[in-house]
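One structure is given here, and the rest of the page talks about it.
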Amino acid sequence: MACVSFAKLNAPSSSWIGGQQSLPQRSGSSARLATRRVSLPIRAGTYTDELIKTAKTIASPGRGILAIDESNATCGKRLSSIGLDNTEPNRQAYRQLLLTTPGLGEYISGAILFEETLYQSTTDRKKFVDVLHDQKIVPGIKVDKGLVPLPGSNNESWCQGLDGLSSRSAEYYKQGARFAKWRTVVSIPCGPSALAVKEAAWGLARYAAISQDNGLVPIVEPEILLDGDHPIERTLEVAEKVWAEVFYYLAENNVIFEGILLKPSMVTPGAEHKERANPETIAKYTLTMLKRRVPPAVPGIMFLSGGQSEMEATLNLHAMNQSPNPWHVSFSYARALQNTVLKTWQGRPENVEAAQKALLVRAKANSLAQLGKYSAEGESEEAKKGMFVKGYTY
């Protein structure tokens, strides 16, 4: 795997992102022969129709994704914030609260699960996968194995997990998962280096191809971290570079664009920049980037919140849906859906109903934002609190 990755990562990038043409210029008949290309069909496989249907189901009007795929360690940090120990029964109880919320399927089309959760059941012994099916919510699964330091880079990271991914994906499909998520990150304060960008793009492309081969719609997520004091123009520049590289390698790996979903960061200034951008500015820069880089064949753009406050993430999504887009523009939020829920619950059984109502409030708000009909009137003070964590790990 390492040798294959090394060979690909040293291949020239596509000319439309600034790379140099790898073939010299020729003239005459030899030029015509040299530029003649062999048309190779996109590798469809047995799951093509299902992949496209699943992607369209998730990218349905007024609905988005609930991300509850935090690792056990990260989930433990969330639980400790309300005084609970990081035990499997406590993690199960919290995720049961979320997934059994009555009416959740009206606003949520997919739920990304951690591996532990995919195989768990409610206290009544009903599989979480079946709970989701009953609400017409598509079960998804986090498949990456986390970030590790990238040798030869500027203190950057790469995402591991390709080894054994095909067999794991086949098992996840058998368990009921129908889409997958792989999160890698790009840091602007660290460069980003060309090596880190290519590693992120290549890893995402291999993961996407393997996922589709096993019936899972891949969510493609190169998260551009909020860390830094850079202006919004710098974020746009980096985002365009990253997504150009990602789509180049997706095409190289014969990934079916109609059978993927994207989970990008919104284009914002760095979290430590002296000037904040309003929702209209963020929407303008973000949509500019998407229109320059994302083919209309992609059915859905499901934004991550990246440490924005609950209300901030919703306002920005609303601003992006004030005019028609080539794709379904929606949300795939974790903290921006769960923050108030967790604080309302406090680990107490008598608070479950109130916490579920808090989840519905946030889910409905983002549903309205997806439809371009959200109003911030009446939002709680808790919803306005930012959640940015420098160097955040998932």
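The way I read the labels, and the way they are meant: chains A, B, ... in the order of the structure tokens, residue 1 as the first residue of every chain, and ligand 1 as the first ligand shown, with later ones counted on from there.
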
Exercise. If you count only C-alpha atoms, which residues fall within 9 Å of Trp202 (chain A), apart from same-chain ones fewer than 2 positions away, as a PyMOL selection string?
Worked result: chain A and resi 5+8-9+197-200+204-207+245-246+249-250

Could you please take those selected residues and save N, CA and C atoms as a JSON list (two decimals), in the first residue's frame?
```
[["chain", "number", "residue", "atom", "x", "y", "z"],
["A", 5, "SER", "N", 0.90, 4.15, -2.90],
["A", 5, "SER", "CA", 0.59, 5.53, -2.56],
["A", 5, "SER", "C", 1.74, 6.45, -2.97],
["A", 8, "LYS", "N", 1.73, 7.12, -6.70],
["A", 8, "LYS", "CA", 0.66, 8.02, -7.12],
["A", 8, "LYS", "C", 0.90, 9.45, -6.65],
["A", 9, "LEU", "N", 1.41, 9.57, -5.46],
["A", 9, "LEU", "CA", 1.61, 10.91, -4.91],
["A", 9, "LEU", "C", 2.69, 11.68, -5.65],
["A", 197, "VAL", "N", -1.43, 18.03, 1.07],
["A", 197, "VAL", "CA", -2.62, 18.14, 0.23],
["A", 197, "VAL", "C", -2.78, 16.91, -0.65],
["A", 198, "LYS", "N", -1.68, 16.47, -1.26],
["A", 198, "LYS", "CA", -1.76, 15.29, -2.13],
["A", 198, "LYS", "C", -2.07, 14.03, -1.33],
["A", 199, "GLU", "N", -1.49, 13.90, -0.16],
["A", 199, "GLU", "CA", -1.77, 12.73, 0.67],
["A", 199, "GLU", "C", -3.24, 12.71, 1.07],
["A", 200, "ALA", "N", -3.79, 13.86, 1.44],
["A", 200, "ALA", "CA", -5.20, 13.94, 1.81],
["A", 200, "ALA", "C", -6.09, 13.55, 0.63],
["A", 204, "LEU", "N", -8.39, 10.10, 0.33],
["A", 204, "LEU", "CA", -9.84, 10.22, 0.17],
["A", 204, "LEU", "C", -10.32, 9.49, -1.10],
["A", 205, "ALA", "N", -9.55, 9.59, -2.17],
["A", 205, "ALA", "CA", -9.95, 8.95, -3.42],
["A", 205, "ALA", "C", -9.92, 7.44, -3.32],
["A", 206, "ARG", "N", -8.87, 6.89, -2.68],
["A", 206, "ARG", "CA", -8.81, 5.43, -2.52],
["A", 206, "ARG", "C", -9.94, 4.95, -1.62],
["A", 207, "TYR", "N", -10.17, 5.65, -0.54],
["A", 207, "TYR", "CA", -11.28, 5.30, 0.36],
["A", 207, "TYR", "C", -12.61, 5.33, -0.40],
["A", 245, "GLU", "N", -7.44, 19.16, -6.17],
["A", 245, "GLU", "CA", -6.63, 17.95, -6.04],
["A", 245, "GLU", "C", -7.51, 16.74, -5.73],
["A", 246, "VAL", "N", -8.50, 16.94, -4.86],
["A", 246, "VAL", "CA", -9.39, 15.84, -4.48],
["A", 246, "VAL", "C", -10.15, 15.32, -5.70],
["A", 249, "TYR", "N", -7.97, 13.26, -8.17],
["A", 249, "TYR", "CA", -7.70, 11.89, -7.76],
["A", 249, "TYR", "C", -8.97, 11.03, -7.69],
["A", 250, "LEU", "N", -10.12, 11.65, -7.40],
["A", 250, "LEU", "CA", -11.37, 10.89, -7.48],
["A", 250, "LEU", "C", -11.58, 10.38, -8.89]]
```

For this session: Fewer than 3 positions away in the same chain doesn't count, so skip those; otherwise give me all residues within 9 Å of region 75-86 of chain A, counting only C-alpha atoms, as a list in words.
Result: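 Contacts, in chain order: Ile68, Asp69, Glu70, Ser71, Asn72, Pro89, Asn90, Arg91, Tyr94, Leu342, Lys343, Trp345, Gln346, Gly347 and Tyr394 of chain A.
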
Within 9 Å of region 267-274 of chain A, counting only C-alpha atoms, which residues show up once you throw out same-chain ones fewer than 2 positions away? Write them as a JSON list (two decimals) with N, CA, C and O atoms, in the first residue's frame, please.
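Resulting contents of out.json:
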```json
[["chain", "number", "residue", "atom", "x", "y", "z"],
["A", 188, "ILE", "N", -4.04, 25.33, 7.58],
["A", 188, "ILE", "CA", -3.49, 26.51, 6.89],
["A", 188, "ILE", "C", -2.26, 27.06, 7.60],
["A", 188, "ILE", "O", -1.26, 27.41, 6.94],
["A", 224, "ILE", "N", -10.75, 21.63, 6.21],
["A", 224, "ILE", "CA", -9.77, 22.71, 6.33],
["A", 224, "ILE", "C", -10.02, 23.37, 7.68],
["A", 224, "ILE", "O", -11.04, 24.02, 7.89],
["A", 225, "LEU", "N", -9.09, 23.14, 8.59],
["A", 225, "LEU", "CA", -9.30, 23.55, 9.97],
["A", 225, "LEU", "C", -9.45, 25.06, 10.11],
["A", 225, "LEU", "O", -8.86, 25.83, 9.36],
["A", 226, "LEU", "N", -10.23, 25.47, 11.12],
["A", 226, "LEU", "CA", -10.43, 26.88, 11.40],
["A", 226, "LEU", "C", -9.21, 27.54, 12.05],
["A", 226, "LEU", "O", -9.13, 28.76, 12.12],
["A", 227, "ASP", "N", -8.28, 26.74, 12.53],
["A", 227, "ASP", "CA", -7.11, 27.27, 13.23],
["A", 227, "ASP", "C", -6.39, 28.32, 12.38],
["A", 227, "ASP", "O", -6.19, 28.12, 11.18],
["A", 228, "GLY", "N", -5.98, 29.43, 13.03],
["A", 228, "GLY", "CA", -5.17, 30.43, 12.34],
["A", 228, "GLY", "C", -5.77, 31.82, 12.40],
["A", 228, "GLY", "O", -6.93, 32.00, 12.77],
["A", 229, "ASP", "N", -4.95, 32.79, 12.00],
["A", 229, "ASP", "CA", -5.40, 34.19, 11.99],
["A", 229, "ASP", "C", -5.47, 34.75, 10.57],
["A", 229, "ASP", "O", -5.40, 35.96, 10.36],
["A", 230, "HIS", "N", -5.60, 33.87, 9.59],
["A", 230, "HIS", "CA", -5.61, 34.25, 8.18],
["A", 230, "HIS", "C", -6.97, 34.84, 7.77],
["A", 230, "HIS", "O", -8.00, 34.51, 8.36],
["A", 231, "PRO", "N", -6.99, 35.67, 6.71],
["A", 231, "PRO", "CA", -8.25, 36.23, 6.21],
["A", 231, "PRO", "C", -9.02, 35.21, 5.38],
["A", 231, "PRO", "O", -8.50, 34.15, 5.00],
["A", 232, "ILE", "N", -10.25, 35.53, 5.07],
["A", 232, "ILE", "CA", -11.12, 34.62, 4.33],
["A", 232, "ILE", "C", -10.58, 34.36, 2.92],
["A", 232, "ILE", "O", -10.77, 33.27, 2.36],
["A", 233, "GLU", "N", -9.86, 35.32, 2.35],
["A", 233, "GLU", "CA", -9.30, 35.13, 1.01],
["A", 233, "GLU", "C", -8.27, 34.00, 0.99],
["A", 233, "GLU", "O", -8.17, 33.25, 0.02],
["A", 234, "ARG", "N", -7.52, 33.86, 2.07],
["A", 234, "ARG", "CA", -6.54, 32.78, 2.15],
["A", 234, "ARG", "C", -7.24, 31.43, 2.27],
["A", 234, "ARG", "O", -6.81, 30.44, 1.67],
["A", 235, "THR", "N", -8.33, 31.38, 3.04],
["A", 235, "THR", "CA", -9.08, 30.13, 3.15],
["A", 235, "THR", "C", -9.62, 29.71, 1.79],
["A", 235, "THR", "O", -9.56, 28.54, 1.42],
["A", 236, "LEU", "N", -10.14, 30.68, 1.02],
["A", 236, "LEU", "CA", -10.65, 30.38, -0.32],
["A", 236, "LEU", "C", -9.54, 29.82, -1.20],
["A", 236, "LEU", "O", -9.75, 28.82, -1.91],
["A", 239, "ALA", "N", -8.79, 26.26, -0.06],
["A", 239, "ALA", "CA", -9.92, 25.37, -0.35],
["A", 239, "ALA", "C", -9.98, 25.01, -1.83],
["A", 239, "ALA", "O", -10.23, 23.85, -2.20],
["A", 264, "PRO", "N", -17.59, 19.47, 3.14],
["A", 264, "PRO", "CA", -16.54, 20.48, 3.18],
["A", 264, "PRO", "C", -16.66, 21.39, 4.40],
["A", 264, "PRO", "O", -17.70, 21.45, 5.06],
["A", 265, "SER", "N", -15.59, 22.11, 4.68],
["A", 265, "SER", "CA", -15.64, 23.22, 5.61],
["A", 265, "SER", "C", -16.23, 24.42, 4.88],
["A", 265, "SER", "O", -16.05, 24.57, 3.67],
["A", 276, "ARG", "N", -14.40, 39.24, 11.94],
["A", 276, "ARG", "CA", -15.33, 38.15, 11.69],
["A", 276, "ARG", "C", -16.10, 38.43, 10.41],
["A", 276, "ARG", "O", -16.31, 39.58, 10.05],
["A", 277, "ALA", "N", -16.49, 37.38, 9.74],
["A", 277, "ALA", "CA", -17.28, 37.54, 8.51],
["A", 277, "ALA", "C", -18.75, 37.26, 8.80],
["A", 277, "ALA", "O", -19.08, 36.37, 9.60],
["A", 281, "THR", "N", -21.24, 37.01, 3.63],
["A", 281, "THR", "CA", -19.87, 36.93, 3.10],
["A", 281, "THR", "C", -19.39, 35.49, 3.05],
["A", 281, "THR", "O", -18.78, 35.06, 2.05],
["A", 282, "ILE", "N", -19.65, 34.76, 4.11],
["A", 282, "ILE", "CA", -19.25, 33.35, 4.14],
["A", 282, "ILE", "C", -19.94, 32.58, 3.03],
["A", 282, "ILE", "O", -19.33, 31.75, 2.34],
["A", 283, "ALA", "N", -21.23, 32.85, 2.83],
["A", 283, "ALA", "CA", -21.97, 32.17, 1.76],
["A", 283, "ALA", "C", -21.38, 32.50, 0.40],
["A", 283, "ALA", "O", -21.20, 31.62, -0.46],
["A", 284, "LYS", "N", -21.04, 33.77, 0.18],
["A", 284, "LYS", "CA", -20.48, 34.20, -1.11],
["A", 284, "LYS", "C", -19.18, 33.47, -1.41],
["A", 284, "LYS", "O", -18.99, 32.92, -2.50],
["A", 285, "TYR", "N", -18.25, 33.47, -0.44],
["A", 285, "TYR", "CA", -16.95, 32.84, -0.67],
["A", 285, "TYR", "C", -17.08, 31.32, -0.78],
["A", 285, "TYR", "O", -16.41, 30.69, -1.61],
["A", 286, "THR", "N", -17.94, 30.73, 0.03],
["A", 286, "THR", "CA", -18.08, 29.28, 0.01],
["A", 286, "THR", "C", -18.69, 28.81, -1.31],
["A", 286, "THR", "O", -18.20, 27.85, -1.93],
["A", 287, "LEU", "N", -19.75, 29.48, -1.75],
["A", 287, "LEU", "CA", -20.39, 29.09, -3.01],
["A", 287, "LEU", "C", -19.49, 29.36, -4.21],
["A", 287, "LEU", "O", -19.50, 28.62, -5.20],
["A", 289, "MET", "N", -16.23, 29.01, -4.19],
["A", 289, "MET", "CA", -15.32, 27.87, -4.21],
["A", 289, "MET", "C", -16.00, 26.63, -4.78],
["A", 289, "MET", "O", -15.45, 25.94, -5.65],
["A", 388, "PHE", "N", -15.28, 26.41, 19.02],
["A", 388, "PHE", "CA", -13.98, 26.17, 18.41],
["A", 388, "PHE", "C", -12.97, 25.68, 19.44],
["A", 388, "PHE", "O", -12.86, 26.21, 20.54],
["A", 390, "LYS", "N", -8.86, 24.70, 19.41],
["A", 390, "LYS", "CA", -7.64, 24.71, 18.61],
["A", 390, "LYS", "C", -7.05, 23.30, 18.55],
["A", 390, "LYS", "O", -6.95, 22.60, 19.56]]
```

For this session: Go through region 77-288 of chain A and collect every residue that DSSP, computed from the backbone, puts in helix (DSSP H, G or I); the answer should be as a ChimeraX atom specification.
Result: /A:77-80,88-99,104-106,115-118,128-134,165-175,194-213,232-252,257-259,279-288

Find the nearest atom pair between each residue of region 287-374 of chain A and region 100-121 of chain A for residues within 12 Å, count only C-alpha atoms, give distances in Å to one decimal, sort rows by chain and ascending number, and present the table as CSV.
```
residue,atom,partner,partner_atom,distance
A:Gly300,CA,A:Ser109,CA,11.9
A:Met302,CA,A:Gly110,CA,10.7
A:Ser330,CA,A:Ile108,CA,10.5
A:Phe331,CA,A:Ile108,CA,9.5
A:Ser332,CA,A:Ala111,CA,8.7
A:Tyr333,CA,A:Ile112,CA,9.9
A:Ala334,CA,A:Ile112,CA,9.4
A:Leu337,CA,A:Ile108,CA,10.9
A:Val341,CA,A:Thr101,CA,11.3
A:Val352,CA,A:Thr101,CA,9.2
A:Glu353,CA,A:Thr101,CA,8.3
A:Ala354,CA,A:Thr101,CA,10.4
A:Ala355,CA,A:Thr101,CA,9.0
A:Gln356,CA,A:Thr101,CA,5.5
A:Lys357,CA,A:Thr101,CA,7.9
A:Ala358,CA,A:Thr101,CA,10.0
A:Leu359,CA,A:Thr101,CA,7.9
A:Leu360,CA,A:Leu104,CA,6.5
A:Val361,CA,A:Tyr107,CA,10.0
A:Arg362,CA,A:Tyr107,CA,9.5
A:Ala363,CA,A:Tyr107,CA,5.8
A:Lys364,CA,A:Tyr107,CA,6.0
A:Ala365,CA,A:Tyr107,CA,9.0
A:Asn366,CA,A:Tyr107,CA,8.0
A:Ser367,CA,A:Tyr107,CA,5.6
A:Leu368,CA,A:Tyr107,CA,8.9
A:Ala369,CA,A:Tyr107,CA,11.0
A:Gln370,CA,A:Tyr107,CA,9.9
A:Leu371,CA,A:Tyr107,CA,11.1
```

For this session: Give the strand (DSSP E) residues of region 117-165 of chain A, as assigned by DSSP on the backbone, as a list in words.
Result: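 Those residues are Val138, Pro139, Gly140, Ile141, Lys142, Leu147, Val148, Pro149, Ser157, Trp158 and Cys159 of chain A.
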
For this session: Rounded to one decimal place, report the CA of Asn316 (chain A)-CA of Ala59 (chain A) distance in Å.
Result: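 Distance between the two atoms: 18.1 Å.
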
Exercise. Between A:Leu165, A:Val138, A:Val220, A:Met311, which is the closest to Arg335 (chain A) once you count only C-alpha atoms?
Worked result: A:Met311

Exercise. Which residues, written as a list in words, have at least one atom at most 9 Å from Pro296 (chain A), with only C-alpha atoms counted and residues fewer than 3 positions away on the same chain left out?
Worked result: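 Close residues of Pro296 (chain A): Phe257, Glu258, Lys291, Pro299, Pro326 and Trp327 of chain A.
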
Exercise. Nearest to Leu290 (chain A): which of A:Pro222, A:Ala244, A:Gln308, A:Gln322 is it, counting only C-alpha atoms?
Worked result: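 Of all the options, A:Ala244 lies closest to Leu290 (chain A).
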
Exercise. Any idea what's packed within 8 Å of Asn321 (chain A), counting only C-alpha atoms, ignoring anything in its chain fewer than 2 positions away? Could you give it as a PyMOL selection string?
Worked result: chain A and resi 317-319+323-325+329+369-372

Exercise. Which residue gives the smallest distance to Gly161 (chain A) among A:Ala67, A:Leu147, A:Ile260, A:Ala297, with only C-alpha atoms counted?
Worked result: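 Comparing A:Ala67, A:Leu147, A:Ile260, A:Ala297 against Gly161 (chain A), the winner is A:Leu147.
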
For this session: Rank nothing, just name the residue among A:Ile219, A:Val255, A:Leu99, A:Leu315 nearest to Ile301 (chain A), using only C-alpha atoms.
Result: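 The answer is A:Ile219, which sits nearest to Ile301 (chain A).
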
Exercise. Nearest to Ala208 (chain A) among A:Ala177, A:Leu132, A:Ala73, A:Leu262, with distances taken over only C-alpha atoms: which residue is it?
Worked result: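 Looking only at the distances to Ala208 (chain A), the closest residue turns out to be A:Leu262.
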